[in-house]
4 protein chains.
Amino acid sequence: MSSSPSSLILKIQCPDQVGIVEQITTIVAAHDGNLTQVSQFADTINQWFFARFEIQISELNSTKLQASFVGLAHQLQAEWDFRSIPYRMKTAILVTKANHCLQEILWRNQTGEYPIEITSVIANHLECQELVESSGIKFHYIDELKAGCSVEDKKLGFSKIDAILSKENTELAILARFMQIIPEDMCEKYRGKLINIHHSLLPAFIGANPYQQAYDRGVKFIGATCHYVTADLDAGPIIEQEIRRVNHNYTPEDLRLLGRECERIALANGIEYHVNDRTLIKSNKAIVFSK
Amino acid sequence: MSSSPSSLILKIQCPDQVGIVEQITTIVAAHDGNLTQVSQFADTINQWFFARFEIQISELNSTKLQASFVGLAHQLQAEWDFRSIPYRMKTAILVTKANHCLQEILWRNQTGEYPIEITSVIANHLECQELVESSGIKFHYIDELKAGCSVEDKKLGFSKIDAILSKENTELAILARFMQIIPEDMCEKYRGKLINIHHSLLPAFIGANPYQQAYDRGVKFIGATCHYVTADLDAGPIIEQEIRRVNHNYTPEDLRLLGRECERIALANGIEYHVNDRTLIKSNKAIVFSK
Amino acid sequence: MSSSPSSLILKIQCPDQVGIVEQITTIVAAHDGNLTQVSQFADTINQWFFARFEIQISELNSTKLQASFVGLAHQLQAEWDFRSIPYRMKTAILVTKANHCLQEILWRNQTGEYPIEITSVIANHLECQELVESSGIKFHYIDELKAGCSVEDKKLGFSKIDAILSKENTELAILARFMQIIPEDMCEKYRGKLINIHHSLLPAFIGANPYQQAYDRGVKFIGATCHYVTADLDAGPIIEQEIRRVNHNYTPEDLRLLGRECERIALANGIEYHVNDRTLIKSNKAIVFSK
Amino acid sequence: MSSSPSSLILKIQCPDQVGIVEQITTIVAAHDGNLTQVSQFADTINQWFFARFEIQISELNSTKLQASFVGLAHQLQAEWDFRSIPYRMKTAILVTKANHCLQEILWRNQTGEYPIEITSVIANHLECQELVESSGIKFHYIDELKAGCSVEDKKLGFSKIDAILSKENTELAILARFMQIIPEDMCEKYRGKLINIHHSLLPAFIGANPYQQAYDRGVKFIGATCHYVTADLDAGPIIEQEIRRVNHNYTPEDLRLLGRECERIALANGIEYHVNDRTLIKSNKAIVFSK
């Protein structure tokens, strides 16, 4: 988790070919960089290469390396990102009424687990206001998105959210049990920056009331899924899932209570992977270089 | 698991009302029966009562108890079953090519775990013949059900299977990776006596090639589901599920290999629950009184 | 979890013999009680009987039943307890510096999961004071038990704790990462009322710094154990355990961070079982009638 | 799992320093090798570097690379190994009476999962003979190691085993529930080539009858541990562990039955990691580059 002050993370994906790792390590070595962590995955089915490198390097050489890298990246037809450590990713959290996921994030953030700065919490209900403000975080209430709102209200409400995210230069928005479907254009605009927690083991039980669905089906495991949001409801790239074994004694309400554990943990881990640049998205899948 | 020679298992389900347990225990006590295990579940949502009792009782009193019980059962509008211990449940196994589930059952049976007698193995391919016959078990090859068979062949094939099951007084038929859809009338005829293992964590990935589907969706858990067969494909009452965590490194083939562990264990446990009379079916759900 | 207002829980343990369940259900029926949940375990190795009954019964009959029961209980040489629902178990929480277990309990209590009243939090450090007081709960700071305290201080500190528990009629004291060894006489006095969370999968890694021990041994699972406190350090009856898979990438500090999840969940579940009277202690083991 | 015919695996460990990955990838690139899989772990606590590389390379260049590598390896003060793919690791299995682990290995080997050749099964009892010989594998019965054998018998027995392993050029010996303590000199001679399965979640319940110990302690999880054998009983480097949740209903015999699942799976996975050169041993820990 920890890296010395002058460190770099490089994420890269490109068509697979002979010698990618060698070329990258050569250019790193040429700038006196030291590879402290190498994670690599060659998808032999789709002929695609994914990697993440942690590099110790002087600030001066870091700038030079990033400049030199452009040529290689183009040659590899790569998508790539550099990030200088340390950093604080500007993060917004969207909630409705339930506070368990929000609490988990606030608590983990207080302990210093995440390299993030929580810029604000945005809500379409007031239940979480006190918790948020007592934590010293700005709380935005979007009145337009209350239950039974009109199409116009909904449009207005989301344009307000968009304005907040834009103004605060939000790099990550977390839907922490935000019970609203995100408009398609916003999914597109924030592609790869919008993380949701869904309260089922996707792809099972898409949509509303998954715990009731799980109860009706009599499954032996319930779960929660942390995923990137796409315009396709509950169908974006999966980052993390968490499960619990259940039996016939669990009512839908019992499942909902137990399920909160899955939601909190799947979301907390999913966030950890994202904010530490451990995820790469390709088509509808996320490669996650976890521990 | 063990019960003394003159023991009884009573399974019962009925509309819930005040005093069911008391009435049952009273009648047991009146016949000098001793309750060694009581499992009970009152479904408060559907107002339904389920229970399983293990009773130590003399053979003479066992017969009397079963006779006396009829009155109470009718009064409770109950479905119920008595089974005298020990017993050997006549069991057939249906397979196609893959032998891992078959092996698991044969092996567990050899160790004496199951109170069953394997009367025969029925197959639509020849791959498992040697394993079956070397275990001293009859092997029925149903030539009609080979790949690409006609509708008539299929009908004929299944009527042969039905004839075998009838002739052998089969009480349980296990589809141990039998890659054929069971005809609706047979599902009906053997309702509650037909157990299947599906190679996904149902209701996810119904139908063909679930491991490929799981790979495509990028899930973090794969699993297998042991369920009772109904006319609705892969949708019958779930008895048991088993899961394994996976990640992007697993190809569909890797998932298939790993998934065999889930299949073997979910099926082995599902069989254990069924053959020890630990399952009760109501609508499309199975109540499972496991340990 | 829920029971109607005039309900009773009966916990009982006694030497096993023929007909215990029948005798109990007969006496319940004689007082027009309705058994809504029966959990029973006959330990055939040690010839010991354990059970828990939930009984719907009028208040008047409840009193009569409890009175009538004494005779049967004596005859069975039983230990037994009745508890009228609803109730609020008076609960104290003891902490040192770490707040994650405390937060988990406070949060679950706020959601109404537990039938408890938190009477106070007792601490030998000040780190948790703000959290406790902002939740409207009394905070007792025991200055004598700070790091490096003398034997006399320690004695005095624990006598203060004992005085608080006595004064507040504490029925349950939870050691939520309280880093002090409880004096033997206090273990004895509060036997069965003192719950601890130990940060290892007991009996592995007893004592100090279990995460470092786990790291040194290279185990593939870490865990936490919720148990009743006895004079024998970390060796009391186990109520609940929770685990996580790990690998060589986890430093001792990573294990400590991840382990907090285990600690929070094992403790939260252990408390749930205890405060709902789902545990019975016999010798050094706890029978837990969980869902 | 799969690698093209002319592939190499390189395992290496050495004191950590700047630029190791770069130096290795440079020398691989210089021989026209293509890195298809890179697994790397820098132990920052002990300043030690571990890595495993899969390299596609022509046979000619493979030889040259291995020769050239010696210089770099010495300079890095490294321990290293090359292995040309494909290969069949000569493997012996040692058993006593129980056959479940043996069966699991035989079955996985038949499906082609392991790059091994089972040269023989060595036993100190006759129970497994039929299974082994019906699989077409040589069975060595070591009469001297029967129950209650003398110290001289034991010495003679193990010298016979050593002779077999030597004669068959055994590269791996698997103790598949072999109920004998391996003499210290043999542990030393076959260091890193001797894999055991212990029927507990080590370090809990070392020694005899761990399921009884687990029962007595009332743990909520049982498990099995696959580890390298060292002279220190049940204390060698852990390769893999597997667990199952249990409760008070499980007798020691039930735990033994359930535990076999853990034993089979932990051993099967442990073998997979070892025979695919995914393990590196340092002091008393194994680094395992699993999927």
# chains A, B, ... in the order shown; residues from 1 in each chain; ligands from 1
>>> select_by_dssp(residues="stretch 64-165 of chain D", states="strand (DSSP E or B)", output="PyMOL selection string")
chain D and resi 79-85+89-95+116-123+139-141
>>> write_last_selection(atoms="N, CA, C and O atoms", output="compact mmCIF listing (two decimals), in the first residue's frame")
# COMPACT_ATOMS: atom_id res chain seq x y z
N GLU D 79 19.43 -17.67 -5.49
CA GLU D 79 19.09 -19.08 -5.75
C GLU D 79 18.14 -19.06 -6.91
O GLU D 79 17.17 -18.30 -6.91
N TRP D 80 18.36 -19.93 -7.89
CA TRP D 80 17.46 -19.90 -9.05
C TRP D 80 17.34 -21.28 -9.67
O TRP D 80 18.16 -22.17 -9.43
N ASP D 81 16.29 -21.45 -10.44
CA ASP D 81 16.02 -22.71 -11.13
C ASP D 81 15.39 -22.42 -12.48
O ASP D 81 14.49 -21.59 -12.57
N PHE D 82 15.83 -23.14 -13.47
CA PHE D 82 15.13 -23.12 -14.76
C PHE D 82 14.44 -24.46 -14.95
O PHE D 82 14.96 -25.50 -14.54
N ARG D 83 13.30 -24.45 -15.58
CA ARG D 83 12.67 -25.70 -15.96
C ARG D 83 12.10 -25.56 -17.36
O ARG D 83 11.35 -24.62 -17.65
N SER D 84 12.45 -26.51 -18.22
CA SER D 84 11.94 -26.51 -19.59
C SER D 84 10.59 -27.18 -19.62
O SER D 84 10.41 -28.27 -19.05
N ILE D 85 9.65 -26.55 -20.27
CA ILE D 85 8.31 -27.09 -20.45
C ILE D 85 8.24 -27.73 -21.82
O ILE D 85 8.77 -27.15 -22.78
N MET D 89 7.17 -34.41 -13.76
CA MET D 89 7.89 -34.52 -12.51
C MET D 89 7.67 -35.91 -11.91
O MET D 89 6.53 -36.33 -11.71
N LYS D 90 8.75 -36.63 -11.63
CA LYS D 90 8.64 -37.98 -11.08
C LYS D 90 8.18 -37.90 -9.63
O LYS D 90 8.86 -37.32 -8.79
N THR D 91 7.04 -38.51 -9.36
CA THR D 91 6.35 -38.30 -8.09
C THR D 91 6.00 -39.62 -7.42
O THR D 91 5.45 -40.53 -8.07
N ALA D 92 6.33 -39.72 -6.16
CA ALA D 92 5.91 -40.88 -5.36
C ALA D 92 4.86 -40.43 -4.35
O ALA D 92 4.87 -39.28 -3.91
N ILE D 93 3.96 -41.34 -4.02
CA ILE D 93 2.93 -41.03 -3.03
C ILE D 93 3.05 -42.02 -1.88
O ILE D 93 3.16 -43.22 -2.11
N LEU D 94 3.05 -41.51 -0.66
CA LEU D 94 3.13 -42.37 0.52
C LEU D 94 1.80 -42.37 1.25
O LEU D 94 1.26 -41.30 1.54
N VAL D 95 1.30 -43.56 1.56
CA VAL D 95 0.00 -43.66 2.22
C VAL D 95 0.04 -44.68 3.36
O VAL D 95 0.96 -45.49 3.44
N ILE D 116 2.96 -34.48 -13.97
CA ILE D 116 3.72 -35.44 -13.16
C ILE D 116 3.63 -36.84 -13.75
O ILE D 116 2.75 -37.14 -14.55
N GLU D 117 4.58 -37.66 -13.34
CA GLU D 117 4.51 -39.09 -13.59
C GLU D 117 4.54 -39.77 -12.22
O GLU D 117 5.52 -39.60 -11.48
N ILE D 118 3.49 -40.50 -11.90
CA ILE D 118 3.48 -41.18 -10.60
C ILE D 118 4.29 -42.46 -10.75
O ILE D 118 3.88 -43.39 -11.42
N THR D 119 5.45 -42.46 -10.13
CA THR D 119 6.35 -43.60 -10.29
C THR D 119 5.95 -44.76 -9.40
O THR D 119 6.12 -45.92 -9.77
N SER D 120 5.41 -44.45 -8.22
CA SER D 120 4.99 -45.53 -7.34
C SER D 120 4.22 -44.99 -6.15
O SER D 120 4.27 -43.81 -5.86
N VAL D 121 3.51 -45.92 -5.51
CA VAL D 121 2.87 -45.60 -4.24
C VAL D 121 3.52 -46.50 -3.19
O VAL D 121 3.67 -47.71 -3.40
N ILE D 122 3.92 -45.90 -2.10
CA ILE D 122 4.60 -46.62 -1.03
C ILE D 122 3.68 -46.61 0.19
O ILE D 122 3.16 -45.56 0.56
N ALA D 123 3.51 -47.77 0.81
CA ALA D 123 2.54 -47.85 1.91
C ALA D 123 3.06 -48.71 3.05
O ALA D 123 3.83 -49.64 2.83
N PHE D 139 3.02 -50.64 -6.52
CA PHE D 139 2.70 -50.51 -5.10
C PHE D 139 3.80 -51.16 -4.28
O PHE D 139 4.07 -52.36 -4.43
N HIS D 140 4.46 -50.37 -3.43
CA HIS D 140 5.50 -50.91 -2.56
C HIS D 140 4.96 -51.01 -1.14
O HIS D 140 4.59 -50.00 -0.55
N TYR D 141 4.97 -52.21 -0.61
CA TYR D 141 4.52 -52.39 0.77
C TYR D 141 5.73 -52.47 1.69
O TYR D 141 6.61 -53.32 1.50
>>> interface_residues(of="chain B", to="chain A", cutoff="10 Å", atoms="only C-alpha atoms", output="VMD selection string")
chain B and resid 41 to 45 201 to 205 214 to 221 225 235 to 243 245 247 to 252 284 to 290
>>> calpha_fit_and_write(fixed="chain C", moving="chain A", output="compact mmCIF listing (two decimals) with C-alpha atoms, in the first residue's frame")
# COMPACT_ATOMS: atom_id res chain seq x y z
CA MET A 1 -35.67 -12.43 15.78
CA SER A 2 -39.03 -10.93 16.46
CA SER A 3 -41.44 -12.29 19.01
CA SER A 4 -44.83 -11.00 20.06
CA PRO A 5 -44.94 -8.90 23.24
CA SER A 6 -46.01 -11.70 25.52
CA SER A 7 -43.37 -14.24 24.71
CA LEU A 8 -40.93 -16.29 26.72
CA ILE A 9 -37.54 -17.78 25.99
CA LEU A 10 -36.63 -20.91 27.91
CA LYS A 11 -33.02 -22.10 27.96
CA ILE A 12 -32.33 -25.40 29.61
CA GLN A 13 -29.56 -27.95 29.98
CA CYS A 14 -29.50 -31.17 31.95
CA PRO A 15 -28.33 -34.79 31.88
CA ASP A 16 -29.87 -36.45 28.85
CA GLN A 17 -32.65 -38.97 29.38
CA VAL A 18 -35.70 -40.30 27.60
CA GLY A 19 -38.59 -37.92 27.14
CA ILE A 20 -37.26 -34.48 28.05
CA VAL A 21 -38.74 -32.68 25.05
CA GLU A 22 -42.07 -34.41 25.60
CA GLN A 23 -42.20 -33.35 29.24
CA ILE A 24 -41.36 -29.78 28.45
CA THR A 25 -43.82 -29.48 25.59
CA THR A 26 -46.53 -31.05 27.74
CA ILE A 27 -46.14 -28.46 30.46
CA VAL A 28 -46.05 -25.68 27.86
CA ALA A 29 -49.23 -26.99 26.27
CA ALA A 30 -50.87 -27.25 29.69
CA HIS A 31 -50.46 -23.48 30.04
CA ASP A 32 -51.77 -22.73 26.55
CA GLY A 33 -48.30 -21.82 25.34
CA ASN A 34 -47.46 -22.04 21.67
CA LEU A 35 -43.96 -23.15 20.68
CA THR A 36 -42.80 -20.88 17.88
CA GLN A 37 -39.20 -22.04 17.85
CA VAL A 38 -37.59 -25.21 19.19
CA SER A 39 -33.81 -25.69 19.15
CA GLN A 40 -32.49 -28.83 20.71
CA PHE A 41 -29.19 -30.65 20.91
CA ALA A 42 -28.59 -34.01 22.52
CA ASP A 43 -24.87 -34.43 23.13
CA THR A 44 -24.66 -38.19 22.83
CA ILE A 45 -20.98 -38.26 23.75
CA ASN A 46 -21.41 -36.51 27.08
CA GLN A 47 -25.01 -37.55 27.59
CA TRP A 48 -26.16 -34.00 28.00
CA PHE A 49 -29.28 -32.27 26.76
CA PHE A 50 -29.48 -28.64 25.63
CA ALA A 51 -32.51 -26.75 24.38
CA ARG A 52 -34.01 -23.36 23.74
CA PHE A 53 -37.72 -22.74 23.27
CA GLU A 54 -39.57 -19.63 22.14
CA ILE A 55 -43.08 -19.66 23.55
CA GLN A 56 -46.04 -17.40 22.82
CA ILE A 57 -48.07 -17.22 25.99
CA SER A 58 -50.29 -14.80 27.87
CA GLU A 59 -48.66 -12.86 30.67
CA LEU A 60 -50.76 -14.59 33.29
CA ASN A 61 -49.96 -18.05 31.98
CA SER A 62 -46.30 -17.12 31.62
CA THR A 63 -46.05 -16.53 35.36
CA LYS A 64 -47.85 -19.77 36.08
CA LEU A 65 -45.71 -21.74 33.64
CA GLN A 66 -42.52 -20.47 35.20
CA ALA A 67 -43.76 -21.46 38.63
CA SER A 68 -44.89 -24.91 37.51
CA PHE A 69 -41.65 -25.51 35.70
CA VAL A 70 -39.57 -25.59 38.86
CA GLY A 71 -40.69 -29.08 39.75
CA LEU A 72 -39.82 -30.54 36.34
CA ALA A 73 -36.50 -28.71 36.27
CA HIS A 74 -35.47 -30.13 39.61
CA GLN A 75 -36.52 -33.58 38.55
CA LEU A 76 -34.36 -33.22 35.42
CA GLN A 77 -31.47 -31.81 37.50
CA ALA A 78 -31.51 -28.94 35.06
CA GLU A 79 -30.01 -25.49 34.85
CA TRP A 80 -32.60 -23.27 33.26
CA ASP A 81 -33.55 -19.66 32.56
CA PHE A 82 -36.71 -17.94 31.50
CA ARG A 83 -36.69 -14.54 29.88
CA SER A 84 -39.77 -12.49 29.07
CA ILE A 85 -39.73 -10.70 25.74
CA PRO A 86 -39.32 -7.77 25.21
CA TYR A 87 -36.32 -6.85 27.32
CA ARG A 88 -33.28 -4.58 27.19
CA MET A 89 -30.13 -6.26 28.46
CA LYS A 90 -27.99 -3.76 30.37
CA THR A 91 -24.67 -3.78 28.58
CA ALA A 92 -21.31 -2.17 29.22
CA ILE A 93 -18.51 -1.95 26.66
CA LEU A 94 -14.84 -1.87 27.62
CA VAL A 95 -12.31 -0.39 25.20
CA THR A 96 -8.73 0.79 25.00
CA LYS A 97 -7.72 2.87 21.94
CA ALA A 98 -9.02 1.10 18.83
CA ASN A 99 -12.59 2.06 17.99
CA HIS A 100 -13.59 -0.29 15.19
CA CYS A 101 -15.35 -2.88 17.36
CA LEU A 102 -16.98 -0.17 19.45
CA GLN A 103 -18.24 1.57 16.31
CA GLU A 104 -19.68 -1.64 14.98
CA ILE A 105 -21.61 -2.27 18.19
CA LEU A 106 -22.86 1.32 18.44
CA TRP A 107 -23.93 1.25 14.84
CA ARG A 108 -25.76 -2.08 15.11
CA ASN A 109 -27.40 -0.90 18.29
CA GLN A 110 -28.60 2.28 16.61
CA THR A 111 -30.27 0.24 13.90
CA GLY A 112 -32.17 -1.65 16.59
CA GLU A 113 -30.57 -5.01 15.96
CA TYR A 114 -29.82 -5.78 19.60
CA PRO A 115 -32.22 -5.98 22.55
CA ILE A 116 -29.75 -4.11 24.73
CA GLU A 117 -29.32 -0.84 26.57
CA ILE A 118 -25.74 0.41 26.55
CA THR A 119 -25.32 1.75 30.06
CA SER A 120 -21.74 2.95 29.63
CA VAL A 121 -18.41 2.61 27.92
CA ILE A 122 -15.41 2.08 30.18
CA ALA A 123 -11.93 2.85 28.87
CA ASN A 124 -8.35 2.95 30.01
CA HIS A 125 -7.47 5.48 27.31
CA LEU A 126 -9.19 8.60 26.05
CA GLU A 127 -9.21 7.96 22.30
CA CYS A 128 -12.83 6.77 22.18
CA GLN A 129 -14.29 9.45 24.44
CA GLU A 130 -15.58 11.74 21.71
CA LEU A 131 -17.23 8.96 19.74
CA VAL A 132 -18.93 7.62 22.87
CA GLU A 133 -20.16 10.93 24.19
CA SER A 134 -21.35 12.12 20.79
CA SER A 135 -23.51 8.99 20.80
CA GLY A 136 -25.04 10.12 24.08
CA ILE A 137 -23.45 7.35 26.14
CA LYS A 138 -21.66 7.74 29.45
CA PHE A 139 -17.88 7.41 29.19
CA HIS A 140 -15.87 6.22 32.21
CA TYR A 141 -12.14 6.80 32.04
CA ILE A 142 -10.14 4.52 34.32
CA ASP A 143 -6.92 6.44 34.70
CA GLU A 144 -5.31 3.71 36.83
CA LEU A 145 -5.16 1.25 33.94
CA LYS A 146 -2.95 3.28 31.66
CA ALA A 147 0.13 1.72 30.10
CA GLY A 148 2.80 0.65 32.57
CA CYS A 149 0.53 0.89 35.59
CA SER A 150 1.57 -0.69 38.89
CA VAL A 151 -0.01 -3.78 40.39
CA GLU A 152 -1.79 -1.61 42.93
CA ASP A 153 -3.09 0.72 40.24
CA LYS A 154 -4.31 -2.23 38.29
CA LYS A 155 -6.14 -3.61 41.30
CA LEU A 156 -7.70 -0.25 42.00
CA GLY A 157 -8.65 0.24 38.37
CA PHE A 158 -10.49 -3.04 38.17
CA SER A 159 -12.26 -2.45 41.46
CA LYS A 160 -13.56 0.77 39.92
CA ILE A 161 -14.75 -1.14 36.89
CA ASP A 162 -16.43 -3.69 39.14
CA ALA A 163 -18.14 -0.87 41.01
CA ILE A 164 -19.47 0.62 37.78
CA LEU A 165 -20.77 -2.71 36.53
CA SER A 166 -22.41 -3.38 39.88
CA LYS A 167 -23.98 0.03 40.17
CA GLU A 168 -25.38 -0.13 36.66
CA ASN A 169 -26.69 -3.68 37.14
CA THR A 170 -24.71 -4.73 34.11
CA GLU A 171 -25.89 -8.02 32.65
CA LEU A 172 -23.29 -8.14 29.90
CA ALA A 173 -19.82 -6.62 29.60
CA ILE A 174 -18.20 -6.64 26.17
CA LEU A 175 -14.43 -6.40 25.87
CA ALA A 176 -14.29 -4.63 22.50
CA ARG A 177 -10.51 -4.74 22.04
CA PHE A 178 -9.88 -3.97 25.73
CA MET A 179 -6.17 -4.62 26.06
CA GLN A 180 -6.07 -5.70 29.68
CA ILE A 181 -6.12 -9.10 31.32
CA ILE A 182 -9.19 -9.39 33.52
CA PRO A 183 -8.41 -10.43 37.12
CA GLU A 184 -9.34 -13.98 38.02
CA ASP A 185 -11.91 -13.07 40.65
CA MET A 186 -13.70 -10.82 38.19
CA CYS A 187 -13.72 -13.58 35.54
CA GLU A 188 -15.38 -15.77 38.13
CA LYS A 189 -17.85 -13.16 39.34
CA TYR A 190 -19.03 -12.33 35.81
CA ARG A 191 -18.81 -15.86 34.44
CA GLY A 192 -20.96 -16.15 31.29
CA LYS A 193 -21.49 -12.38 31.22
CA LEU A 194 -18.11 -11.28 29.89
CA ILE A 195 -17.54 -11.51 26.13
CA ASN A 196 -14.17 -10.88 24.50
CA ILE A 197 -12.99 -10.57 20.92
CA HIS A 198 -9.55 -12.02 20.30
CA HIS A 199 -7.79 -11.12 17.08
CA SER A 200 -6.83 -14.61 15.99
CA LEU A 201 -8.48 -17.84 15.00
CA LEU A 202 -8.12 -19.47 18.41
CA PRO A 203 -6.51 -21.66 19.60
CA ALA A 204 -3.85 -20.39 17.19
CA PHE A 205 -1.87 -17.33 18.26
CA ILE A 206 -2.90 -16.88 21.86
CA GLY A 207 -1.65 -13.76 23.64
CA ALA A 208 0.04 -10.70 22.24
CA ASN A 209 0.36 -9.56 18.64
CA PRO A 210 -1.41 -12.42 16.86
CA TYR A 211 -1.16 -10.74 13.45
CA GLN A 212 2.62 -10.68 13.70
CA GLN A 213 2.51 -14.34 14.75
CA ALA A 214 0.26 -15.16 11.79
CA TYR A 215 2.63 -13.35 9.45
CA ASP A 216 5.64 -15.18 10.85
CA ARG A 217 3.92 -18.54 10.46
CA GLY A 218 2.77 -17.84 6.91
CA VAL A 219 -0.81 -18.99 7.41
CA LYS A 220 -3.32 -18.71 4.58
CA PHE A 221 -6.24 -17.66 6.77
CA ILE A 222 -6.44 -15.12 9.53
CA GLY A 223 -9.42 -14.76 11.80
CA ALA A 224 -10.97 -13.49 14.98
CA THR A 225 -12.68 -15.29 17.83
CA CYS A 226 -15.51 -14.11 20.06
CA HIS A 227 -15.52 -16.03 23.34
CA TYR A 228 -16.60 -15.98 26.94
CA VAL A 229 -13.86 -14.82 29.27
CA THR A 230 -12.49 -17.25 31.81
CA ALA A 231 -9.46 -17.03 34.06
CA ASP A 232 -7.58 -19.07 31.46
CA LEU A 233 -6.33 -16.44 28.96
CA ASP A 234 -7.96 -16.64 25.50
CA ALA A 235 -9.19 -20.12 26.34
CA GLY A 236 -12.84 -19.59 27.26
CA PRO A 237 -15.85 -21.05 25.42
CA ILE A 238 -15.90 -19.98 21.77
CA ILE A 239 -19.10 -18.31 20.58
CA GLU A 240 -18.19 -17.30 17.04
CA GLN A 241 -15.25 -17.09 14.64
CA GLU A 242 -14.75 -15.31 11.33
CA ILE A 243 -11.99 -15.72 8.76
CA ARG A 244 -10.34 -14.14 5.70
CA ARG A 245 -7.98 -15.73 3.18
CA VAL A 246 -4.58 -14.05 2.91
CA ASN A 247 -1.28 -14.59 1.12
CA HIS A 248 2.35 -13.56 1.22
CA ASN A 249 1.56 -10.04 0.01
CA TYR A 250 0.02 -9.15 3.36
CA THR A 251 2.39 -7.47 5.80
CA PRO A 252 1.61 -7.70 9.52
CA GLU A 253 0.07 -4.25 9.18
CA ASP A 254 -2.08 -5.40 6.25
CA LEU A 255 -3.22 -8.37 8.32
CA ARG A 256 -4.12 -6.04 11.17
CA LEU A 257 -6.21 -3.87 8.84
CA LEU A 258 -7.97 -6.81 7.24
CA GLY A 259 -8.35 -8.53 10.59
CA ARG A 260 -10.52 -5.70 11.85
CA GLU A 261 -13.25 -6.96 9.50
CA CYS A 262 -13.08 -10.37 11.16
CA GLU A 263 -13.10 -8.81 14.62
CA ARG A 264 -16.09 -6.61 13.91
CA ILE A 265 -18.16 -9.39 12.38
CA ALA A 266 -17.24 -12.17 14.82
CA LEU A 267 -17.96 -9.87 17.76
CA ALA A 268 -21.20 -8.52 16.28
CA ASN A 269 -22.49 -12.04 15.67
CA GLY A 270 -21.29 -13.33 19.04
CA ILE A 271 -23.16 -10.51 20.76
CA GLU A 272 -26.27 -11.26 18.74
CA TYR A 273 -26.24 -14.89 19.85
CA HIS A 274 -25.67 -13.99 23.49
CA VAL A 275 -28.21 -11.21 23.83
CA ASN A 276 -30.89 -13.31 22.16
CA ASP A 277 -30.26 -16.11 24.63
CA ARG A 278 -28.99 -18.41 21.90
CA THR A 279 -25.95 -19.65 23.84
CA LEU A 280 -25.62 -22.28 26.54
CA ILE A 281 -22.31 -22.87 28.30
CA LYS A 282 -21.24 -26.31 29.47
CA SER A 283 -17.72 -26.96 30.72
CA ASN A 284 -15.53 -25.01 28.33
CA LYS A 285 -17.82 -25.06 25.32
CA ALA A 286 -20.69 -22.90 24.16
CA ILE A 287 -23.64 -24.44 22.38
CA VAL A 288 -24.87 -21.77 19.97
CA PHE A 289 -28.34 -22.10 18.47
CA SER A 290 -27.77 -19.77 15.54
CA LYS A 291 -29.98 -19.49 12.48
>>> select_by_dssp(residues="stretch 97-277 of chain A", states="alpha helix (DSSP H)", output="PyMOL selection string")
chain A and resi 100-110+129-134+151-167+184-189+210-217+252-275
